[in-house]
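Asks: Structure incoming, see below.
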Amino acid sequence: MGRFEQYTAAERRQMDKDQQDPRWLAWLTRMNEQLDRFLNETFPDMPNNPWTVEGLRQAEQAALERFPTDEAVALPENIDVADQFYRFFGEVFRRNFEGEWYNVPDFDTETRALGFGPVVSRPFNENYLDVVPLLTTAVYRREGDLFASIFGYSQEDYAEWQAAGRLPLKEWIEIRDKD
């Protein structure tokens with residue numbers, strides 16, 4: 001699965017610095033605005049509670065309708081709408097699984113070249129949820145269930161973590177990986 005490694009003091013300082021990057025902070029500042037546009041303008045036909053697996057399914061279907069190919073996601077005319085999708089998908093996981101938005105610059109891509117990498121960190125999983133490539137993967141596969149599948153796995157992992165007493169990540173990984 002994965003393993004937990006302690007960071008050096010220098011790595012921890014750099015990670016803290018990454019969270020203060022002005023480009024990242026500006027992106028976070030626009031979160032509510034972009035989500036509002038997504039839910040009220042771009043895709044207003046969401047369920048009453050969009051922050052559910054059903055909301056993910058409907059949003060993924062909308063992405064398949066909006067983007068004919070995975071290359072279309074990165075086209076200049078689609079950058080803003082793609083950003084709305086990234087935020088929505090990540091926000092569903094953040095809200096349901098005690099996640100936090102986190103900047104991992106190494107997750108940025110040449111295509112985007114923003115200088116930051118938006119991911120969702122979850123307290124029960126050592127792997128970040130990297131929403132940018134997940135959108136292009138969903139569009140490439142065109143199956144319509146990628147995000148719902150990931151949500152289902154996250155639900156199972158989250159429930160197991162809660163049942164184990166909401167342990168710190170390092171302890172949880174040790175217990176989880178023994179099975």
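For the structure tokens, the naming scheme is as follows: chains receive sequential letters (A, B, ...) according to their order of presentation, residues are indexed from 1 within each chain, and ligands are indexed from 1 in presentation order.
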For the contact check between segment 1-74 of chain A and segment 128-146 of chain A, emit one row per residue of segment 1-74 of chain A within 8 Å, containing the shortest atom pair and the distance in Å rounded to one decimal, counting only C-alpha atoms, chain then rising number order, as CSV.
Replies:
residue,atom,partner,partner_atom,distance
A:Arg57,CA,A:Asp145,CA,6.5
A:Glu60,CA,A:Gly144,CA,5.9
A:Gln61,CA,A:Gly144,CA,5.8
A:Ala63,CA,A:Val139,CA,6.9
A:Leu64,CA,A:Val139,CA,5.6
A:Phe67,CA,A:Val139,CA,6.9
A:Pro68,CA,A:Val139,CA,7.5
A:Thr69,CA,A:Tyr140,CA,6.2
A:Asp70,CA,A:Thr136,CA,5.0
A:Glu71,CA,A:Thr136,CA,7.7
A:Val73,CA,A:Thr136,CA,6.6
Asks: Which polymer residues have any atom within 9 Å of an atom of Arg37 of chain A, counting only C-alpha atoms, with same-chain residues fewer than 6 positions away left out, as a ChimeraX atom specification?
Replies: /A:43-44,84
Asks: With N, CA and C atoms retained, export the selected residues as a short mmCIF file (atom, residue, chain, number, x, y, z; two decimals), in the first residue's frame.
Replies:
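The resulting file, selection.cif, is shown below:
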data_model
loop_
_atom_site.label_atom_id
_atom_site.label_comp_id
_atom_site.auth_asym_id
_atom_site.auth_seq_id
_atom_site.Cartn_x
_atom_site.Cartn_y
_atom_site.Cartn_z
N PHE A 43 -22.82 24.00 -13.90
CA PHE A 43 -23.57 22.76 -13.77
C PHE A 43 -24.65 22.92 -12.70
N PRO A 44 -25.71 23.64 -13.02
CA PRO A 44 -26.75 23.93 -12.01
C PRO A 44 -27.70 22.77 -11.70
N GLN A 84 -12.87 24.53 -12.02
CA GLN A 84 -14.09 24.35 -11.22
C GLN A 84 -14.33 22.87 -10.92
#
Asks: Write down as a CSV table (one decimal) with N, CA and C atoms, in the first residue's frame the residues belonging to segment 24-176 of chain A that are assigned helix (DSSP H, G or I) by DSSP computed on the backbone.
Replies:
chain,number,residue,atom,x,y,z
A,24,TRP,N,-0.6,29.8,-4.4
A,24,TRP,CA,-1.5,28.9,-3.8
A,24,TRP,C,-2.5,29.6,-3.0
A,25,LEU,N,-2.1,30.6,-2.2
A,25,LEU,CA,-3.1,31.3,-1.4
A,25,LEU,C,-4.2,32.0,-2.2
A,26,ALA,N,-3.8,32.5,-3.4
A,26,ALA,CA,-4.7,33.1,-4.3
A,26,ALA,C,-5.7,32.1,-4.8
A,27,TRP,N,-5.2,30.9,-5.1
A,27,TRP,CA,-6.1,29.8,-5.6
A,27,TRP,C,-7.1,29.5,-4.5
A,28,LEU,N,-6.6,29.3,-3.3
A,28,LEU,CA,-7.5,29.0,-2.2
A,28,LEU,C,-8.6,30.1,-1.9
A,29,THR,N,-8.1,31.3,-2.1
A,29,THR,CA,-9.1,32.5,-1.9
A,29,THR,C,-10.2,32.4,-2.8
A,31,MET,N,-11.7,29.7,-3.9
A,31,MET,CA,-12.4,28.5,-3.7
A,31,MET,C,-13.9,28.6,-3.8
A,32,ASN,N,-14.5,29.5,-2.9
A,32,ASN,CA,-15.9,29.6,-2.8
A,32,ASN,C,-16.5,30.2,-4.1
A,33,GLU,N,-15.8,31.2,-4.7
A,33,GLU,CA,-16.3,31.8,-5.9
A,33,GLU,C,-16.4,30.7,-7.0
A,34,GLN,N,-15.3,29.9,-7.2
A,34,GLN,CA,-15.3,28.9,-8.2
A,34,GLN,C,-16.3,27.8,-8.0
A,35,LEU,N,-16.5,27.4,-6.8
A,35,LEU,CA,-17.5,26.4,-6.5
A,35,LEU,C,-18.9,26.9,-6.7
A,36,ASP,N,-19.1,28.2,-6.3
A,36,ASP,CA,-20.4,28.8,-6.6
A,36,ASP,C,-20.7,28.9,-8.1
A,37,ARG,N,-19.7,29.2,-8.9
A,37,ARG,CA,-19.9,29.3,-10.3
A,37,ARG,C,-20.2,27.9,-10.9
A,38,PHE,N,-19.5,26.9,-10.4
A,38,PHE,CA,-19.7,25.5,-10.8
A,38,PHE,C,-21.1,25.1,-10.5
A,39,LEU,N,-21.6,25.3,-9.3
A,39,LEU,CA,-22.9,24.8,-8.9
A,39,LEU,C,-24.1,25.6,-9.4
A,40,ASN,N,-23.8,26.9,-9.7
A,40,ASN,CA,-24.9,27.8,-10.2
A,40,ASN,C,-24.9,28.2,-11.6
A,41,GLU,N,-23.8,28.1,-12.3
A,41,GLU,CA,-23.7,28.5,-13.7
A,41,GLU,C,-23.2,27.3,-14.6
A,42,THR,N,-22.1,26.7,-14.2
A,42,THR,CA,-21.6,25.7,-15.1
A,42,THR,C,-22.4,24.4,-15.1
A,53,VAL,N,-21.8,11.1,-3.1
A,53,VAL,CA,-21.3,10.2,-4.2
A,53,VAL,C,-22.2,10.5,-5.5
A,54,GLU,N,-23.5,10.8,-5.2
A,54,GLU,CA,-24.4,11.1,-6.4
A,54,GLU,C,-23.9,12.4,-7.1
A,55,GLY,N,-23.5,13.4,-6.3
A,55,GLY,CA,-23.0,14.6,-6.9
A,55,GLY,C,-21.8,14.3,-7.7
A,56,LEU,N,-20.9,13.4,-7.2
A,56,LEU,CA,-19.7,13.1,-8.0
A,56,LEU,C,-20.1,12.4,-9.3
A,57,ARG,N,-21.0,11.5,-9.2
A,57,ARG,CA,-21.5,10.8,-10.4
A,57,ARG,C,-22.0,11.8,-11.5
A,58,GLN,N,-22.8,12.7,-11.0
A,58,GLN,CA,-23.4,13.7,-11.9
A,58,GLN,C,-22.3,14.6,-12.5
A,59,ALA,N,-21.4,15.0,-11.6
A,59,ALA,CA,-20.4,15.9,-12.1
A,59,ALA,C,-19.4,15.2,-13.1
A,60,GLU,N,-19.1,13.9,-12.8
A,60,GLU,CA,-18.3,13.2,-13.8
A,60,GLU,C,-19.0,13.1,-15.1
A,61,GLN,N,-20.3,12.8,-15.1
A,61,GLN,CA,-21.0,12.7,-16.4
A,61,GLN,C,-21.0,14.1,-17.1
A,62,ALA,N,-21.1,15.2,-16.3
A,62,ALA,CA,-21.0,16.5,-16.9
A,62,ALA,C,-19.6,16.7,-17.5
A,63,ALA,N,-18.6,16.2,-16.9
A,63,ALA,CA,-17.2,16.4,-17.4
A,63,ALA,C,-17.1,15.6,-18.7
A,64,LEU,N,-17.7,14.4,-18.8
A,64,LEU,CA,-17.6,13.7,-20.0
A,64,LEU,C,-18.4,14.3,-21.2
A,65,GLU,N,-19.5,15.0,-20.8
A,65,GLU,CA,-20.2,15.8,-21.9
A,65,GLU,C,-19.4,17.0,-22.3
A,66,ARG,N,-18.8,17.7,-21.3
A,66,ARG,CA,-18.1,18.9,-21.6
A,66,ARG,C,-16.8,18.8,-22.3
A,70,ASP,N,-9.4,13.8,-23.3
A,70,ASP,CA,-8.6,14.3,-22.1
A,70,ASP,C,-7.7,15.5,-22.5
A,71,GLU,N,-7.3,15.6,-23.7
A,71,GLU,CA,-6.6,16.8,-24.1
A,71,GLU,C,-7.4,18.1,-24.0
A,72,ALA,N,-8.7,17.9,-24.2
A,72,ALA,CA,-9.6,19.1,-24.2
A,72,ALA,C,-9.6,19.8,-22.8
A,73,VAL,N,-9.4,19.0,-21.8
A,73,VAL,CA,-9.4,19.5,-20.4
A,73,VAL,C,-8.4,20.7,-20.3
A,76,PRO,N,-6.9,26.1,-23.5
A,76,PRO,CA,-7.0,27.5,-22.9
A,76,PRO,C,-8.5,27.9,-22.6
A,77,GLU,N,-9.3,27.5,-23.5
A,77,GLU,CA,-10.8,27.9,-23.4
A,77,GLU,C,-11.5,27.1,-22.3
A,78,ASN,N,-10.8,26.0,-21.8
A,78,ASN,CA,-11.4,25.1,-20.8
A,78,ASN,C,-10.8,25.2,-19.5
A,79,ILE,N,-9.7,26.0,-19.3
A,79,ILE,CA,-8.9,26.1,-18.1
A,79,ILE,C,-9.8,26.4,-16.9
A,80,ASP,N,-10.7,27.4,-17.0
A,80,ASP,CA,-11.5,27.9,-15.9
A,80,ASP,C,-12.5,26.8,-15.5
A,81,VAL,N,-13.2,26.2,-16.5
A,81,VAL,CA,-14.2,25.2,-16.2
A,81,VAL,C,-13.5,24.0,-15.6
A,82,ALA,N,-12.3,23.6,-16.1
A,82,ALA,CA,-11.6,22.5,-15.5
A,82,ALA,C,-11.2,22.7,-14.1
A,83,ASP,N,-10.8,24.0,-13.8
A,83,ASP,CA,-10.5,24.4,-12.4
A,83,ASP,C,-11.7,24.2,-11.5
A,84,GLN,N,-12.9,24.5,-12.0
A,84,GLN,CA,-14.1,24.4,-11.2
A,84,GLN,C,-14.3,22.9,-10.9
A,85,PHE,N,-14.1,22.0,-11.9
A,85,PHE,CA,-14.3,20.6,-11.7
A,85,PHE,C,-13.2,20.1,-10.7
A,86,TYR,N,-12.0,20.5,-10.8
A,86,TYR,CA,-11.0,20.1,-9.8
A,86,TYR,C,-11.4,20.4,-8.4
A,87,ARG,N,-11.9,21.6,-8.2
A,87,ARG,CA,-12.3,22.1,-6.9
A,87,ARG,C,-13.5,21.3,-6.4
A,88,PHE,N,-14.5,21.1,-7.3
A,88,PHE,CA,-15.6,20.4,-6.8
A,88,PHE,C,-15.3,19.0,-6.4
A,89,PHE,N,-14.6,18.3,-7.3
A,89,PHE,CA,-14.2,16.9,-6.9
A,89,PHE,C,-13.4,16.8,-5.6
A,90,GLY,N,-12.4,17.7,-5.5
A,90,GLY,CA,-11.6,17.7,-4.2
A,90,GLY,C,-12.5,18.1,-3.0
A,91,GLU,N,-13.4,19.0,-3.2
A,91,GLU,CA,-14.2,19.5,-2.1
A,91,GLU,C,-15.1,18.4,-1.6
A,92,VAL,N,-15.6,17.6,-2.4
A,92,VAL,CA,-16.5,16.5,-2.0
A,92,VAL,C,-15.7,15.6,-1.0
A,93,PHE,N,-14.4,15.3,-1.4
A,93,PHE,CA,-13.6,14.4,-0.6
A,93,PHE,C,-13.2,15.1,0.7
A,94,ARG,N,-12.9,16.4,0.6
A,94,ARG,CA,-12.5,17.2,1.8
A,94,ARG,C,-13.7,17.2,2.8
A,95,ARG,N,-14.9,17.4,2.3
A,95,ARG,CA,-16.0,17.6,3.2
A,95,ARG,C,-16.4,16.2,3.9
A,96,ASN,N,-16.3,15.2,3.1
A,96,ASN,CA,-16.8,13.9,3.6
A,96,ASN,C,-15.8,13.1,4.4
A,105,PRO,N,3.8,21.2,-4.7
A,105,PRO,CA,4.3,21.7,-5.9
A,105,PRO,C,4.8,20.7,-6.9
A,106,ASP,N,5.3,19.6,-6.4
A,106,ASP,CA,5.8,18.5,-7.3
A,106,ASP,C,4.6,17.9,-8.1
A,107,PHE,N,3.4,18.1,-7.7
A,107,PHE,CA,2.2,17.6,-8.4
A,107,PHE,C,1.7,18.5,-9.5
A,131,VAL,N,-6.4,15.8,-7.6
A,131,VAL,CA,-7.6,15.9,-8.4
A,131,VAL,C,-7.4,16.3,-9.9
A,132,VAL,N,-6.3,16.9,-10.2
A,132,VAL,CA,-6.0,17.3,-11.6
A,132,VAL,C,-5.9,16.1,-12.5
A,133,PRO,N,-5.0,15.2,-12.3
A,133,PRO,CA,-4.9,14.0,-13.2
A,133,PRO,C,-6.1,13.1,-13.1
A,134,LEU,N,-6.8,13.1,-12.0
A,134,LEU,CA,-8.0,12.3,-11.9
A,134,LEU,C,-9.1,12.8,-12.9
A,135,LEU,N,-9.2,14.1,-13.1
A,135,LEU,CA,-10.2,14.6,-14.0
A,135,LEU,C,-9.8,14.1,-15.5
A,136,THR,N,-8.6,14.3,-15.8
A,136,THR,CA,-8.2,13.9,-17.2
A,136,THR,C,-8.3,12.3,-17.3
A,137,THR,N,-8.0,11.6,-16.3
A,137,THR,CA,-8.1,10.1,-16.4
A,137,THR,C,-9.6,9.7,-16.6
A,138,ALA,N,-10.5,10.4,-15.8
A,138,ALA,CA,-11.9,10.1,-16.0
A,138,ALA,C,-12.4,10.4,-17.4
A,139,VAL,N,-11.9,11.5,-17.9
A,139,VAL,CA,-12.3,11.9,-19.3
A,139,VAL,C,-11.7,10.9,-20.3
A,140,TYR,N,-10.5,10.5,-20.1
A,140,TYR,CA,-9.8,9.6,-21.0
A,140,TYR,C,-10.6,8.2,-21.0
A,141,ARG,N,-10.9,7.7,-19.8
A,141,ARG,CA,-11.5,6.4,-19.7
A,141,ARG,C,-13.0,6.4,-20.1
A,146,LEU,N,-15.3,6.8,-12.2
A,146,LEU,CA,-14.0,6.9,-11.5
A,146,LEU,C,-14.1,7.5,-10.1
A,147,PHE,N,-14.7,8.7,-10.0
A,147,PHE,CA,-14.8,9.4,-8.8
A,147,PHE,C,-15.6,8.7,-7.8
A,148,ALA,N,-16.7,8.1,-8.2
A,148,ALA,CA,-17.6,7.3,-7.3
A,148,ALA,C,-16.9,6.1,-6.8
A,149,SER,N,-16.0,5.5,-7.6
A,149,SER,CA,-15.3,4.3,-7.1
A,149,SER,C,-14.3,4.7,-6.1
A,150,ILE,N,-13.6,5.8,-6.3
A,150,ILE,CA,-12.6,6.3,-5.3
A,150,ILE,C,-13.3,6.7,-4.1
A,151,PHE,N,-14.5,7.3,-4.2
A,151,PHE,CA,-15.3,7.7,-3.0
A,151,PHE,C,-15.6,6.5,-2.2
A,152,GLY,N,-16.0,5.4,-2.9
A,152,GLY,CA,-16.4,4.2,-2.2
A,152,GLY,C,-15.2,3.6,-1.4
A,153,TYR,N,-14.1,3.5,-2.0
A,153,TYR,CA,-12.9,3.1,-1.3
A,153,TYR,C,-12.5,4.0,-0.2
A,154,SER,N,-12.6,5.3,-0.4
A,154,SER,CA,-12.4,6.2,0.7
A,154,SER,C,-13.3,6.0,1.9
A,155,GLN,N,-14.6,5.8,1.6
A,155,GLN,CA,-15.6,5.5,2.6
A,155,GLN,C,-15.2,4.3,3.5
A,156,GLU,N,-14.8,3.2,2.8
A,156,GLU,CA,-14.4,2.0,3.5
A,156,GLU,C,-13.2,2.3,4.4
A,157,ASP,N,-12.2,2.9,3.8
A,157,ASP,CA,-11.0,3.3,4.6
A,157,ASP,C,-11.3,4.2,5.8
A,158,TYR,N,-12.1,5.2,5.5
A,158,TYR,CA,-12.5,6.1,6.6
A,158,TYR,C,-13.2,5.4,7.7
A,159,ALA,N,-14.1,4.5,7.4
A,159,ALA,CA,-14.9,3.8,8.4
A,159,ALA,C,-14.0,2.9,9.2
A,160,GLU,N,-13.0,2.2,8.6
A,160,GLU,CA,-12.1,1.4,9.3
A,160,GLU,C,-11.2,2.2,10.2
A,161,TRP,N,-10.7,3.4,9.7
A,161,TRP,CA,-9.9,4.3,10.5
A,161,TRP,C,-10.7,4.8,11.8
A,162,GLN,N,-12.0,5.1,11.5
A,162,GLN,CA,-12.8,5.6,12.7
A,162,GLN,C,-13.0,4.5,13.7
A,163,ALA,N,-13.3,3.3,13.2
A,163,ALA,CA,-13.5,2.1,14.1
A,163,ALA,C,-12.3,1.8,14.9
A,169,LEU,N,-1.9,9.0,11.8
A,169,LEU,CA,-1.6,8.3,10.5
A,169,LEU,C,-0.6,7.3,10.6
A,170,LYS,N,0.6,7.6,11.3
A,170,LYS,CA,1.7,6.6,11.3
A,170,LYS,C,1.2,5.3,12.0
A,171,GLU,N,0.5,5.4,13.2
A,171,GLU,CA,0.0,4.3,13.9
A,171,GLU,C,-1.1,3.5,13.0
A,172,TRP,N,-2.0,4.3,12.4
A,172,TRP,CA,-3.0,3.7,11.6
A,172,TRP,C,-2.4,2.8,10.4
A,173,ILE,N,-1.4,3.4,9.8
A,173,ILE,CA,-0.8,2.7,8.7
A,173,ILE,C,-0.1,1.3,9.2
A,174,GLU,N,0.5,1.4,10.3
A,174,GLU,CA,1.1,0.2,10.9
A,174,GLU,C,0.0,-0.9,11.1
A,175,ILE,N,-1.1,-0.5,11.7
A,175,ILE,CA,-2.2,-1.5,12.0
A,175,ILE,C,-2.8,-1.9,10.7
A,176,ARG,N,-3.1,-1.0,9.8
A,176,ARG,CA,-3.8,-1.3,8.6
A,176,ARG,C,-3.0,-2.3,7.7
Asks: Just how far from atom CA of Ala9 of chain A is atom CA of Arg122 of chain A, in Å to one decimal?
Replies: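 So the two atoms, atom CA of Arg122 of chain A and atom CA of Ala9 of chain A, lie 22.0 Å apart.
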Asks: As an exercise, work out the distance from atom CA of Arg23 of chain A to atom CA of Glu98 of chain A in Å and give it to one decimal place.
Replies: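 Distance between the two atoms: 24.1 Å.
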Asks: Please list as a list in words every residue within 9 Å of Met15 of chain A, counting only C-alpha atoms and excluding residues in the same chain fewer than 5 positions away.
Replies: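 The filter keeps Ala10, Asn103 and Val104 of chain A.
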Asks: If I take atom CA of Val119 of chain A and atom CA of Gly99 of chain A, how far is one from the other in Å, to one decimal?
Replies: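 Result for atom CA of Val119 of chain A versus atom CA of Gly99 of chain A: 9.7 Å, one decimal.
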